[in-house]
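Undergrad: The structure file target37.txt (compact mmCIF, C-alpha atoms) is provided below.
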# COMPACT_ATOMS: atom_id res chain seq x y z
CA MET A 29 -77.85 -191.58 -152.53
CA GLN A 30 -78.48 -194.42 -154.96
CA ILE A 31 -75.46 -194.93 -157.22
CA GLU A 32 -76.77 -197.89 -159.21
CA CYS A 33 -79.48 -200.43 -158.68
CA GLY A 34 -78.31 -202.28 -155.57
CA ILE A 35 -75.71 -199.70 -154.50
CA GLU A 36 -76.53 -196.98 -152.00
CA MET A 37 -74.01 -194.46 -150.66
CA LEU A 38 -75.19 -193.69 -147.13
CA GLU A 39 -74.69 -190.16 -145.83
CA ILE A 40 -74.03 -190.10 -142.07
CA ALA A 41 -73.41 -186.84 -140.23
CA ALA A 42 -70.35 -187.12 -138.00
CA ASN A 43 -67.82 -185.19 -135.97
CA VAL A 44 -64.65 -185.62 -138.04
CA MET A 45 -61.48 -184.54 -136.22
CA GLY A 46 -63.44 -182.06 -134.12
CA LYS A 47 -65.39 -180.57 -137.04
CA PRO A 48 -68.89 -181.27 -138.39
CA GLY A 49 -68.67 -183.53 -141.42
CA VAL A 50 -70.18 -186.46 -143.27
CA ILE A 51 -69.00 -190.04 -143.73
CA TYR A 52 -70.17 -192.35 -146.50
CA PRO A 53 -70.57 -196.04 -145.69
CA THR A 54 -71.88 -198.08 -148.63
CA LEU A 55 -74.81 -200.49 -148.77
CA VAL A 56 -74.71 -203.13 -151.51
CA TRP A 57 -77.50 -205.65 -152.08
CA ASP A 58 -79.16 -208.15 -154.38
CA ASP A 59 -82.18 -210.44 -154.01
CA GLU A 60 -80.37 -212.69 -151.57
CA THR A 61 -78.32 -210.47 -149.29
CA ALA A 62 -77.34 -206.98 -148.21
CA ILE A 63 -73.78 -205.99 -147.31
CA LEU A 64 -72.69 -202.91 -145.38
CA VAL A 65 -69.20 -201.62 -146.11
CA ASP A 66 -67.81 -199.85 -143.01
CA SER A 67 -69.85 -199.03 -139.95
CA GLY A 68 -69.24 -195.46 -138.80
CA TYR A 69 -68.08 -194.14 -135.45
CA PRO A 70 -69.13 -195.65 -132.11
CA GLY A 71 -72.70 -194.72 -131.24
CA GLN A 72 -73.91 -194.20 -134.81
CA LEU A 73 -76.19 -197.24 -134.99
CA PRO A 74 -79.42 -195.15 -135.00
CA GLN A 75 -78.21 -193.00 -137.91
CA ILE A 76 -77.01 -195.99 -139.89
CA GLU A 77 -80.21 -197.95 -139.29
CA LYS A 78 -82.29 -194.95 -140.40
CA ALA A 79 -80.20 -194.54 -143.57
CA ILE A 80 -80.55 -198.26 -144.42
CA ASN A 81 -84.33 -198.09 -143.97
CA LYS A 82 -84.44 -194.94 -146.10
CA ALA A 83 -82.73 -196.90 -148.89
CA GLY A 84 -85.66 -199.34 -148.76
CA ILE A 85 -83.70 -202.24 -147.30
CA SER A 86 -84.72 -204.14 -144.19
CA PHE A 87 -82.10 -203.79 -141.46
CA ASP A 88 -82.37 -207.54 -140.82
CA LYS A 89 -81.46 -208.28 -144.46
CA ILE A 90 -77.85 -207.29 -143.72
CA SER A 91 -75.85 -210.51 -143.55
CA ARG A 92 -72.31 -209.13 -143.77
CA ILE A 93 -70.27 -206.10 -142.77
CA ILE A 94 -67.02 -205.62 -144.69
CA LEU A 95 -64.51 -203.40 -142.90
CA THR A 96 -62.02 -201.68 -145.21
CA HIS A 97 -59.63 -201.18 -142.25
CA HIS A 98 -59.53 -200.79 -138.49
CA ASP A 99 -59.75 -197.01 -137.98
CA ILE A 100 -62.38 -196.08 -135.40
CA ASP A 101 -64.66 -194.28 -137.88
CA HIS A 102 -64.90 -197.49 -139.91
CA VAL A 103 -65.25 -200.15 -137.20
CA GLY A 104 -67.00 -198.10 -134.50
CA SER A 105 -70.60 -199.33 -134.79
CA ALA A 106 -70.04 -202.81 -136.23
CA LEU A 107 -70.60 -204.56 -132.90
CA ASN A 108 -73.76 -202.54 -132.18
CA ILE A 109 -75.17 -203.31 -135.64
CA LYS A 110 -74.37 -207.00 -135.19
CA GLU A 111 -76.07 -207.08 -131.78
CA LYS A 112 -79.16 -205.18 -132.98
CA SER A 113 -79.91 -207.48 -135.93
CA HIS A 114 -82.25 -210.44 -135.51
CA GLU A 115 -80.10 -212.33 -138.02
CA TYR A 116 -76.45 -213.31 -137.68
CA ILE A 117 -74.12 -210.79 -139.34
CA ASN A 118 -70.70 -211.97 -140.48
CA ILE A 119 -67.81 -209.52 -140.15
CA LEU A 120 -65.22 -209.57 -142.95
CA ALA A 121 -61.83 -207.82 -143.09
CA HIS A 122 -58.36 -208.30 -144.52
CA GLU A 123 -56.29 -210.77 -142.53
CA GLU A 124 -53.76 -208.04 -141.60
CA GLU A 125 -56.50 -205.98 -139.91
CA ILE A 126 -58.04 -208.72 -137.80
CA PRO A 127 -55.79 -208.38 -134.69
CA TYR A 128 -56.58 -204.65 -134.49
CA ILE A 129 -60.32 -205.07 -135.04
CA GLN A 130 -60.54 -207.83 -132.43
CA GLY A 131 -58.45 -205.92 -129.89
CA ASP A 132 -55.49 -208.32 -129.91
CA LYS A 133 -53.16 -205.52 -131.03
CA CYS A 134 -53.12 -201.80 -130.26
CA PRO A 135 -54.54 -199.85 -133.23
CA LEU A 136 -51.78 -198.15 -135.22
CA LYS A 137 -52.91 -194.54 -134.72
CA LEU A 138 -53.45 -195.14 -131.01
CA GLU A 139 -49.98 -196.68 -130.76
CA GLN A 140 -48.46 -193.63 -132.45
CA LEU A 141 -50.20 -191.30 -130.01
CA GLU A 142 -49.13 -193.42 -127.03
CA ALA A 143 -45.49 -193.22 -128.12
CA SER A 144 -45.52 -189.43 -127.78
CA LEU A 145 -48.10 -189.11 -125.02
CA GLU A 146 -45.83 -187.17 -122.64
CA VAL A 147 -45.29 -184.35 -125.15
CA LEU A 148 -48.77 -184.21 -126.65
CA PRO A 149 -50.76 -180.98 -126.16
CA ALA A 150 -53.86 -181.23 -123.99
CA GLU A 151 -56.20 -181.33 -127.00
CA MET A 152 -54.39 -184.32 -128.52
CA LYS A 153 -54.33 -186.10 -125.14
CA SER A 154 -58.10 -185.69 -125.03
CA ILE A 155 -58.39 -187.18 -128.53
CA TYR A 156 -56.15 -190.06 -127.43
CA GLU A 157 -58.38 -190.84 -124.45
CA LYS A 158 -61.52 -190.78 -126.61
CA LEU A 159 -59.88 -193.01 -129.22
CA LYS A 160 -58.73 -195.48 -126.58
CA ALA A 161 -62.20 -195.72 -125.03
CA GLY A 162 -63.79 -196.00 -128.47
CA PHE A 163 -61.57 -198.87 -129.57
CA GLN A 164 -62.07 -200.73 -126.29
CA SER A 165 -65.85 -200.61 -126.67
CA SER A 166 -65.85 -201.44 -130.41
CA LYS A 167 -63.86 -204.68 -130.48
CA VAL A 168 -65.63 -207.23 -132.63
CA ARG A 169 -64.85 -210.75 -133.81
CA VAL A 170 -64.01 -211.14 -137.49
CA ASP A 171 -65.72 -214.17 -139.02
CA MET A 172 -64.00 -214.25 -142.40
CA PRO A 173 -60.46 -213.13 -143.28
CA LEU A 174 -60.00 -211.61 -146.73
CA LYS A 175 -56.93 -211.47 -148.94
CA ASP A 176 -55.96 -209.76 -152.16
CA GLY A 177 -57.81 -211.09 -155.19
CA ASP A 178 -60.67 -212.73 -153.31
CA GLU A 179 -63.96 -212.47 -155.17
CA LEU A 180 -67.13 -212.52 -153.09
CA PRO A 181 -70.02 -214.09 -155.03
CA TYR A 182 -72.58 -211.44 -154.14
CA CYS A 183 -74.15 -208.50 -155.93
CA GLY A 184 -72.61 -209.35 -159.30
CA GLY A 185 -69.16 -210.05 -157.86
CA ILE A 186 -67.16 -208.06 -155.31
CA LEU A 187 -63.39 -208.12 -155.85
CA VAL A 188 -61.09 -207.51 -152.87
CA ILE A 189 -58.09 -205.29 -153.63
CA HIS A 190 -55.45 -205.18 -150.90
CA THR A 191 -54.24 -201.56 -150.79
CA PRO A 192 -51.82 -201.23 -147.83
CA GLY A 193 -50.36 -197.90 -146.88
CA HIS A 194 -53.07 -196.09 -144.98
CA THR A 195 -53.04 -199.14 -142.73
CA LEU A 196 -51.33 -202.50 -143.28
CA GLY A 197 -54.49 -204.33 -144.30
CA HIS A 198 -56.52 -201.59 -145.95
CA ILE A 199 -58.72 -202.87 -148.78
CA CYS A 200 -60.74 -201.37 -151.60
CA LEU A 201 -63.70 -203.21 -153.11
CA TYR A 202 -64.38 -203.33 -156.84
CA LEU A 203 -67.97 -204.03 -157.83
CA LYS A 204 -67.51 -205.75 -161.17
CA GLN A 205 -71.00 -205.31 -162.54
CA SER A 206 -71.13 -201.52 -162.17
CA LYS A 207 -67.36 -200.84 -162.30
CA THR A 208 -67.62 -199.06 -158.95
CA LEU A 209 -64.70 -198.76 -156.54
CA ILE A 210 -65.49 -198.52 -152.83
CA ALA A 211 -62.26 -196.79 -151.84
CA GLY A 212 -62.39 -196.64 -148.04
CA ASP A 213 -59.69 -194.12 -147.08
CA MET A 214 -57.52 -194.81 -150.12
CA LEU A 215 -58.98 -191.75 -151.86
CA GLY A 216 -61.11 -188.77 -150.92
CA VAL A 217 -63.11 -186.02 -152.59
CA GLU A 218 -62.44 -182.35 -151.86
CA ASP A 219 -64.12 -179.47 -153.71
CA GLY A 220 -65.27 -181.88 -156.39
CA TYR A 221 -61.79 -183.34 -157.03
CA LEU A 222 -60.51 -186.83 -156.33
CA VAL A 223 -57.58 -186.51 -153.90
CA PRO A 224 -55.12 -188.92 -152.24
CA SER A 225 -55.17 -189.80 -148.58
CA PRO A 226 -53.07 -187.20 -146.72
CA GLU A 227 -49.54 -188.47 -146.19
CA GLN A 228 -49.54 -187.55 -142.49
CA ILE A 229 -52.36 -190.01 -141.73
CA ASN A 230 -50.90 -192.92 -143.74
CA PHE A 231 -48.90 -195.61 -141.98
CA ASP A 232 -46.45 -196.04 -144.87
CA HIS A 233 -46.29 -193.57 -147.78
CA ASN A 234 -44.30 -195.85 -150.10
CA MET A 235 -46.78 -198.66 -149.58
CA TYR A 236 -49.61 -196.24 -150.22
CA GLN A 237 -48.08 -195.07 -153.51
CA LYS A 238 -47.71 -198.65 -154.77
CA SER A 239 -51.32 -199.35 -153.82
CA LEU A 240 -52.51 -196.30 -155.73
CA GLU A 241 -50.63 -197.54 -158.79
CA LYS A 242 -52.36 -200.89 -158.39
CA LEU A 243 -55.79 -199.32 -158.89
CA ILE A 244 -55.16 -198.21 -162.47
CA ALA A 245 -55.38 -201.86 -163.58
CA TYR A 246 -59.15 -201.69 -163.02
CA ASP A 247 -61.72 -200.04 -165.28
CA ILE A 248 -63.27 -197.70 -162.72
CA GLN A 249 -66.33 -195.66 -163.68
CA THR A 250 -67.37 -194.53 -160.20
CA VAL A 251 -65.58 -194.08 -156.87
CA ILE A 252 -67.25 -193.96 -153.46
CA CYS A 253 -64.89 -192.33 -150.94
CA TYR A 254 -65.59 -192.65 -147.23
CA HIS A 255 -64.56 -189.03 -146.83
CA GLY A 256 -65.94 -186.89 -149.60
CA GLY A 257 -68.45 -189.19 -151.26
CA LEU A 258 -68.94 -189.71 -155.00
CA TYR A 259 -66.55 -189.10 -157.91
CA GLU A 260 -67.30 -190.06 -161.55
CA ASP A 261 -65.13 -187.93 -163.85
CA LYS A 262 -62.61 -190.04 -165.84
CA VAL A 263 -61.50 -191.87 -162.73
CA ASN A 264 -58.51 -193.79 -164.11
CA LYS A 265 -57.09 -190.67 -165.72
CA ARG A 266 -57.43 -188.79 -162.43
CA ILE A 267 -55.73 -191.58 -160.47
CA LYS A 268 -52.78 -191.45 -162.90
CA GLU A 269 -52.54 -187.68 -162.31
CA LEU A 270 -52.43 -188.26 -158.55
CA ILE A 271 -49.67 -190.87 -158.93
CA ASN A 272 -47.57 -188.41 -160.96
CA LYS A 273 -47.93 -185.79 -158.21
CA LEU A 274 -46.88 -188.02 -155.32
Represent the structure contained in this file as structure tokens.

TA:
Amino acid sequence: MQIECGIEMLEIAANVMGKPGVIYPTLVWDDETAILVDSGYPGQLPQIEKAINKAGISFDKISRIILTHHDIDHVGSALNIKEKSHEYINILAHEEEIPYIQGDKCPLKLEQLEASLEVLPAEMKSIYEKLKAGFQSSKVRVDMPLKDGDELPYCGGILVIHTPGHTLGHICLYLKQSKTLIAGDMLGVEDGYLVPSPEQINFDHNMYQKSLEKLIAYDIQTVICYHGGLYEDKVNKRIKELINKL
């Protein structure tokens, strides 16, 4: 779905926590470059490539992949995309996420499952094994560390907002020209409403709450949520309502 000229919300069918669902990576481009934000689960290269071509962008125009954080549904196909392209693709992520993306540290959710492995039910043990295998096959080198306040000089200006809580180095991206927020897992959309990330899947709830408060400093007209898709109804007002409910 085209959001603005140069912004495409990709719709990728996926198995989300054992149920059929959709994830929404974002493609942003200008005359010089194309940037993919988040890369889906492992094995989703064909779907992502098809969606990029459908948007009218050459797959080989992608020069950068920005990863909002290290969860497997965001980093899973980055290495495959990088290897498939005839051009070099730079991987960008917040500096706090790099050890997890590169495999130097155990991913946070995997670490939490490992800590209680002996008491996990069989279904969760199966999820653990799939996660472990997925992370091992998806390790990718990060070329450029990002930090809060960085502005990338592409596509009218892309501002990096460090929003820890879901993970330690989670970031949102603010596209200055269109006032669009690419929210990663910071926010979601359910039944047409903008909703917070569920507390049980956040690493630190207090951190998350402070990050949510940080977003109201930006004039946001449109939000693209990795889970749930598009939201455009008085975004800042809705974020303030969510803060008051936490």

Undergrad: Which residue is closest to His198 of chain A? Choose from A:Leu55, A:Leu38, A:Ile94, A:Leu222 and count all atoms listed in the file.

TA: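 Ranked by minimum distance to His198 of chain A, first place goes to A:Ile94.
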
Undergrad: Give me the residues within 12 Å of Ile80 of chain A as a list in words, counting only C-alpha atoms and dropping any in the same chain fewer than 5 places off.

TA: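 What passes the distance filter is Met29, Gln30, Ile35, Glu36, Met37, Leu38, Glu39, Ile40, Pro53, Thr54, Leu55, Val56, Trp57, Ala62, Ile63, Leu64, Val65, Ser67, Leu73, Pro74, Gln75, Ile85, Ser86, Phe87, Asp88, Lys89, Ile90 and Ile109 of chain A.
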
Undergrad: Restrict the selected residues to C-alpha atoms and save them as a short mmCIF file (atom, residue, chain, number, x, y, z; two decimals), in the coordinates of the input.

TA:
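Saved as part.cif:
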data_model
loop_
_atom_site.label_atom_id
_atom_site.label_comp_id
_atom_site.auth_asym_id
_atom_site.auth_seq_id
_atom_site.Cartn_x
_atom_site.Cartn_y
_atom_site.Cartn_z
CA MET A 29 -77.85 -191.58 -152.53
CA GLN A 30 -78.48 -194.42 -154.96
CA ILE A 35 -75.71 -199.70 -154.50
CA GLU A 36 -76.53 -196.98 -152.00
CA MET A 37 -74.01 -194.46 -150.66
CA LEU A 38 -75.19 -193.69 -147.13
CA GLU A 39 -74.69 -190.16 -145.83
CA ILE A 40 -74.03 -190.10 -142.07
CA PRO A 53 -70.57 -196.04 -145.69
CA THR A 54 -71.88 -198.08 -148.63
CA LEU A 55 -74.81 -200.49 -148.77
CA VAL A 56 -74.71 -203.13 -151.51
CA TRP A 57 -77.50 -205.65 -152.08
CA ALA A 62 -77.34 -206.98 -148.21
CA ILE A 63 -73.78 -205.99 -147.31
CA LEU A 64 -72.69 -202.91 -145.38
CA VAL A 65 -69.20 -201.62 -146.11
CA SER A 67 -69.85 -199.03 -139.95
CA LEU A 73 -76.19 -197.24 -134.99
CA PRO A 74 -79.42 -195.15 -135.00
CA GLN A 75 -78.21 -193.00 -137.91
CA ILE A 85 -83.70 -202.24 -147.30
CA SER A 86 -84.72 -204.14 -144.19
CA PHE A 87 -82.10 -203.79 -141.46
CA ASP A 88 -82.37 -207.54 -140.82
CA LYS A 89 -81.46 -208.28 -144.46
CA ILE A 90 -77.85 -207.29 -143.72
CA ILE A 109 -75.17 -203.31 -135.64
#

Undergrad: Provide the atom CA of Gln130 of chain A to atom CA of Lys167 of chain A distance in Å, to one decimal place.

TA: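 Atom CA of Lys167 of chain A lies 5.0 Å from atom CA of Gln130 of chain A.
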
Undergrad: For Lys238 of chain A, which residue among A:Leu120, A:Leu95, A:Leu187, A:Ile271 is the nearest when counting only C-alpha atoms?

TA: A:Ile271

Undergrad: State, in Å with one decimal place, the distance from atom CA of Leu159 of chain A to atom CA of Gln228 of chain A.

TA: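 Value for the atom CA of Leu159 of chain A-atom CA of Gln228 of chain A distance: 17.7 Å.
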
Undergrad: So, with all atoms listed in the file as the atoms that count, which of A:His194, A:Phe163, A:Thr208, A:Asp132 lies closest to Tyr246 of chain A?

TA: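 Going through A:His194, A:Phe163, A:Thr208, A:Asp132 one by one, the smallest distance to Tyr246 of chain A is for A:Thr208.
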
Undergrad: What's the 10 Å shell around Glu179 of chain A, counting only C-alpha atoms, without same-chain residues fewer than 4 positions away, as a count of residues only?

TA: 11

Undergrad: Which is closest to Thr96 of chain A among A:Tyr156, A:Tyr236, A:Tyr69, A:Tyr254, if we use all atoms listed in the file?

TA: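 Checking each candidate against Thr96 of chain A, we get A:Tyr254 as the closest.
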
Undergrad: Looking at all atoms listed in the file, which of A:Met172, A:Val217, A:Leu240, A:Ala83 is the one that sits closest to Asp261 of chain A?

TA: A:Val217

Undergrad: Find the distance between atom CA of Pro70 of chain A and atom CA of Lys153 of chain A and write it in Å to one decimal.

TA: 18.9 Å

Undergrad: Looking at A:Ala41, A:Met152, A:Val170, A:Ile93, which one is nearest to Ala79 of chain A, with distances taken over only C-alpha atoms?

TA: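 That would be A:Ala41, the residue with the smallest distance to Ala79 of chain A.
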
Undergrad: Could you pull the residues within 12 Å of Leu274 of chain A, counting all atoms listed in the file, minus those fewer than 4 positions along the same chain, as a VMD selection string?

TA: chain A and resid 223 to 227 233 to 234 236 to 238 240 to 241 267 to 270

Undergrad: Taking the point (-76.5, -211.3, -136.0) as given in the file, collect each protein or nucleic acid residue that comes within 12 Å of it, counting all atoms listed in the file, and present the set as an NGL selection string.

TA: :A and (87-93 or 106-119 or 169 or 171)

Undergrad: Taking C-alpha atoms for each residue, export the selection above as a PDB file, keeping the file's coordinate frame.

TA:
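Written file, result08.pdb:
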ATOM      1  CA  PHE A  87     -82.100-203.790-141.460  1.00  0.00           C
ATOM      2  CA  ASP A  88     -82.370-207.540-140.820  1.00  0.00           C
ATOM      3  CA  LYS A  89     -81.460-208.280-144.460  1.00  0.00           C
ATOM      4  CA  ILE A  90     -77.850-207.290-143.720  1.00  0.00           C
ATOM      5  CA  SER A  91     -75.850-210.510-143.550  1.00  0.00           C
ATOM      6  CA  ARG A  92     -72.310-209.130-143.770  1.00  0.00           C
ATOM      7  CA  ILE A  93     -70.270-206.100-142.770  1.00  0.00           C
ATOM      8  CA  ALA A 106     -70.040-202.810-136.230  1.00  0.00           C
ATOM      9  CA  LEU A 107     -70.600-204.560-132.900  1.00  0.00           C
ATOM     10  CA  ASN A 108     -73.760-202.540-132.180  1.00  0.00           C
ATOM     11  CA  ILE A 109     -75.170-203.310-135.640  1.00  0.00           C
ATOM     12  CA  LYS A 110     -74.370-207.000-135.190  1.00  0.00           C
ATOM     13  CA  GLU A 111     -76.070-207.080-131.780  1.00  0.00           C
ATOM     14  CA  LYS A 112     -79.160-205.180-132.980  1.00  0.00           C
ATOM     15  CA  SER A 113     -79.910-207.480-135.930  1.00  0.00           C
ATOM     16  CA  HIS A 114     -82.250-210.440-135.510  1.00  0.00           C
ATOM     17  CA  GLU A 115     -80.100-212.330-138.020  1.00  0.00           C
ATOM     18  CA  TYR A 116     -76.450-213.310-137.680  1.00  0.00           C
ATOM     19  CA  ILE A 117     -74.120-210.790-139.340  1.00  0.00           C
ATOM     20  CA  ASN A 118     -70.700-211.970-140.480  1.00  0.00           C
ATOM     21  CA  ILE A 119     -67.810-209.520-140.150  1.00  0.00           C
ATOM     22  CA  ARG A 169     -64.850-210.750-133.810  1.00  0.00           C
ATOM     23  CA  ASP A 171     -65.720-214.170-139.020  1.00  0.00           C
TER      24      ASP A 171
END

Undergrad: Complete the atom set of segment 176-194 of chain A to N, CA, C and O atoms and return it as an mmCIF file, keeping the file's coordinate frame.

TA:
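Output file result_23.cif follows:
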data_model
loop_
_atom_site.group_PDB
_atom_site.id
_atom_site.type_symbol
_atom_site.label_atom_id
_atom_site.label_comp_id
_atom_site.auth_asym_id
_atom_site.auth_seq_id
_atom_site.Cartn_x
_atom_site.Cartn_y
_atom_site.Cartn_z
ATOM 1 N N ASP A 176 -55.969 -210.386 -150.852
ATOM 2 C CA ASP A 176 -55.960 -209.760 -152.160
ATOM 3 C C ASP A 176 -56.429 -210.742 -153.243
ATOM 4 O O ASP A 176 -56.003 -211.893 -153.279
ATOM 5 N N GLY A 177 -57.336 -210.263 -154.089
ATOM 6 C CA GLY A 177 -57.810 -211.090 -155.190
ATOM 7 C C GLY A 177 -59.020 -211.937 -154.890
ATOM 8 O O GLY A 177 -59.593 -212.543 -155.803
ATOM 9 N N ASP A 178 -59.442 -211.996 -153.628
ATOM 10 C CA ASP A 178 -60.670 -212.730 -153.310
ATOM 11 C C ASP A 178 -61.842 -212.109 -154.067
ATOM 12 O O ASP A 178 -61.932 -210.883 -154.196
ATOM 13 N N GLU A 179 -62.732 -212.972 -154.554
ATOM 14 C CA GLU A 179 -63.960 -212.470 -155.170
ATOM 15 C C GLU A 179 -65.158 -213.024 -154.402
ATOM 16 O O GLU A 179 -65.338 -214.244 -154.315
ATOM 17 N N LEU A 180 -65.946 -212.128 -153.841
ATOM 18 C CA LEU A 180 -67.130 -212.520 -153.090
ATOM 19 C C LEU A 180 -68.294 -212.664 -154.059
ATOM 20 O O LEU A 180 -68.561 -211.749 -154.849
ATOM 21 N N PRO A 181 -69.008 -213.787 -154.012
ATOM 22 C CA PRO A 181 -70.020 -214.090 -155.030
ATOM 23 C C PRO A 181 -71.376 -213.440 -154.740
ATOM 24 O O PRO A 181 -72.421 -214.100 -154.771
ATOM 25 N N TYR A 182 -71.357 -212.156 -154.450
ATOM 26 C CA TYR A 182 -72.580 -211.440 -154.140
ATOM 27 C C TYR A 182 -72.679 -210.198 -155.022
ATOM 28 O O TYR A 182 -71.677 -209.635 -155.451
ATOM 29 N N CYS A 183 -73.906 -209.798 -155.284
ATOM 30 C CA CYS A 183 -74.150 -208.500 -155.930
ATOM 31 C C CYS A 183 -73.366 -208.349 -157.235
ATOM 32 O O CYS A 183 -72.797 -207.283 -157.507
ATOM 33 N N GLY A 184 -73.302 -209.410 -158.022
ATOM 34 C CA GLY A 184 -72.610 -209.350 -159.300
ATOM 35 C C GLY A 184 -71.116 -209.547 -159.225
ATOM 36 O O GLY A 184 -70.417 -209.450 -160.238
ATOM 37 N N GLY A 185 -70.598 -209.828 -158.045
ATOM 38 C CA GLY A 185 -69.160 -210.050 -157.860
ATOM 39 C C GLY A 185 -68.469 -208.864 -157.208
ATOM 40 O O GLY A 185 -68.504 -207.759 -157.727
ATOM 41 N N ILE A 186 -67.878 -209.106 -156.046
ATOM 42 C CA ILE A 186 -67.160 -208.060 -155.310
ATOM 43 C C ILE A 186 -65.703 -208.506 -155.197
ATOM 44 O O ILE A 186 -65.392 -209.503 -154.536
ATOM 45 N N LEU A 187 -64.811 -207.770 -155.836
ATOM 46 C CA LEU A 187 -63.390 -208.120 -155.850
ATOM 47 C C LEU A 187 -62.649 -207.373 -154.747
ATOM 48 O O LEU A 187 -62.798 -206.147 -154.607
ATOM 49 N N VAL A 188 -61.877 -208.098 -153.958
ATOM 50 C CA VAL A 188 -61.090 -207.510 -152.870
ATOM 51 C C VAL A 188 -59.725 -207.084 -153.411
ATOM 52 O O VAL A 188 -58.999 -207.894 -153.984
ATOM 53 N N ILE A 189 -59.393 -205.817 -153.217
ATOM 54 C CA ILE A 189 -58.090 -205.290 -153.630
ATOM 55 C C ILE A 189 -57.329 -204.861 -152.375
ATOM 56 O O ILE A 189 -57.737 -203.902 -151.701
ATOM 57 N N HIS A 190 -56.259 -205.552 -152.058
ATOM 58 C CA HIS A 190 -55.450 -205.180 -150.900
ATOM 59 C C HIS A 190 -54.644 -203.926 -151.241
ATOM 60 O O HIS A 190 -53.826 -203.936 -152.169
ATOM 61 N N THR A 191 -54.883 -202.856 -150.515
ATOM 62 C CA THR A 191 -54.240 -201.560 -150.790
ATOM 63 C C THR A 191 -53.566 -201.030 -149.525
ATOM 64 O O THR A 191 -54.011 -200.051 -148.925
ATOM 65 N N PRO A 192 -52.483 -201.679 -149.065
ATOM 66 C CA PRO A 192 -51.820 -201.230 -147.830
ATOM 67 C C PRO A 192 -51.160 -199.874 -148.012
ATOM 68 O O PRO A 192 -50.827 -199.455 -149.112
ATOM 69 N N GLY A 193 -51.005 -199.217 -146.889
ATOM 70 C CA GLY A 193 -50.360 -197.900 -146.880
ATOM 71 C C GLY A 193 -51.025 -197.013 -145.862
ATOM 72 O O GLY A 193 -50.392 -196.514 -144.930
ATOM 73 N N HIS A 194 -52.327 -196.828 -146.008
ATOM 74 C CA HIS A 194 -53.070 -196.090 -144.980
ATOM 75 C C HIS A 194 -53.035 -196.871 -143.672
ATOM 76 O O HIS A 194 -52.762 -196.330 -142.609
#
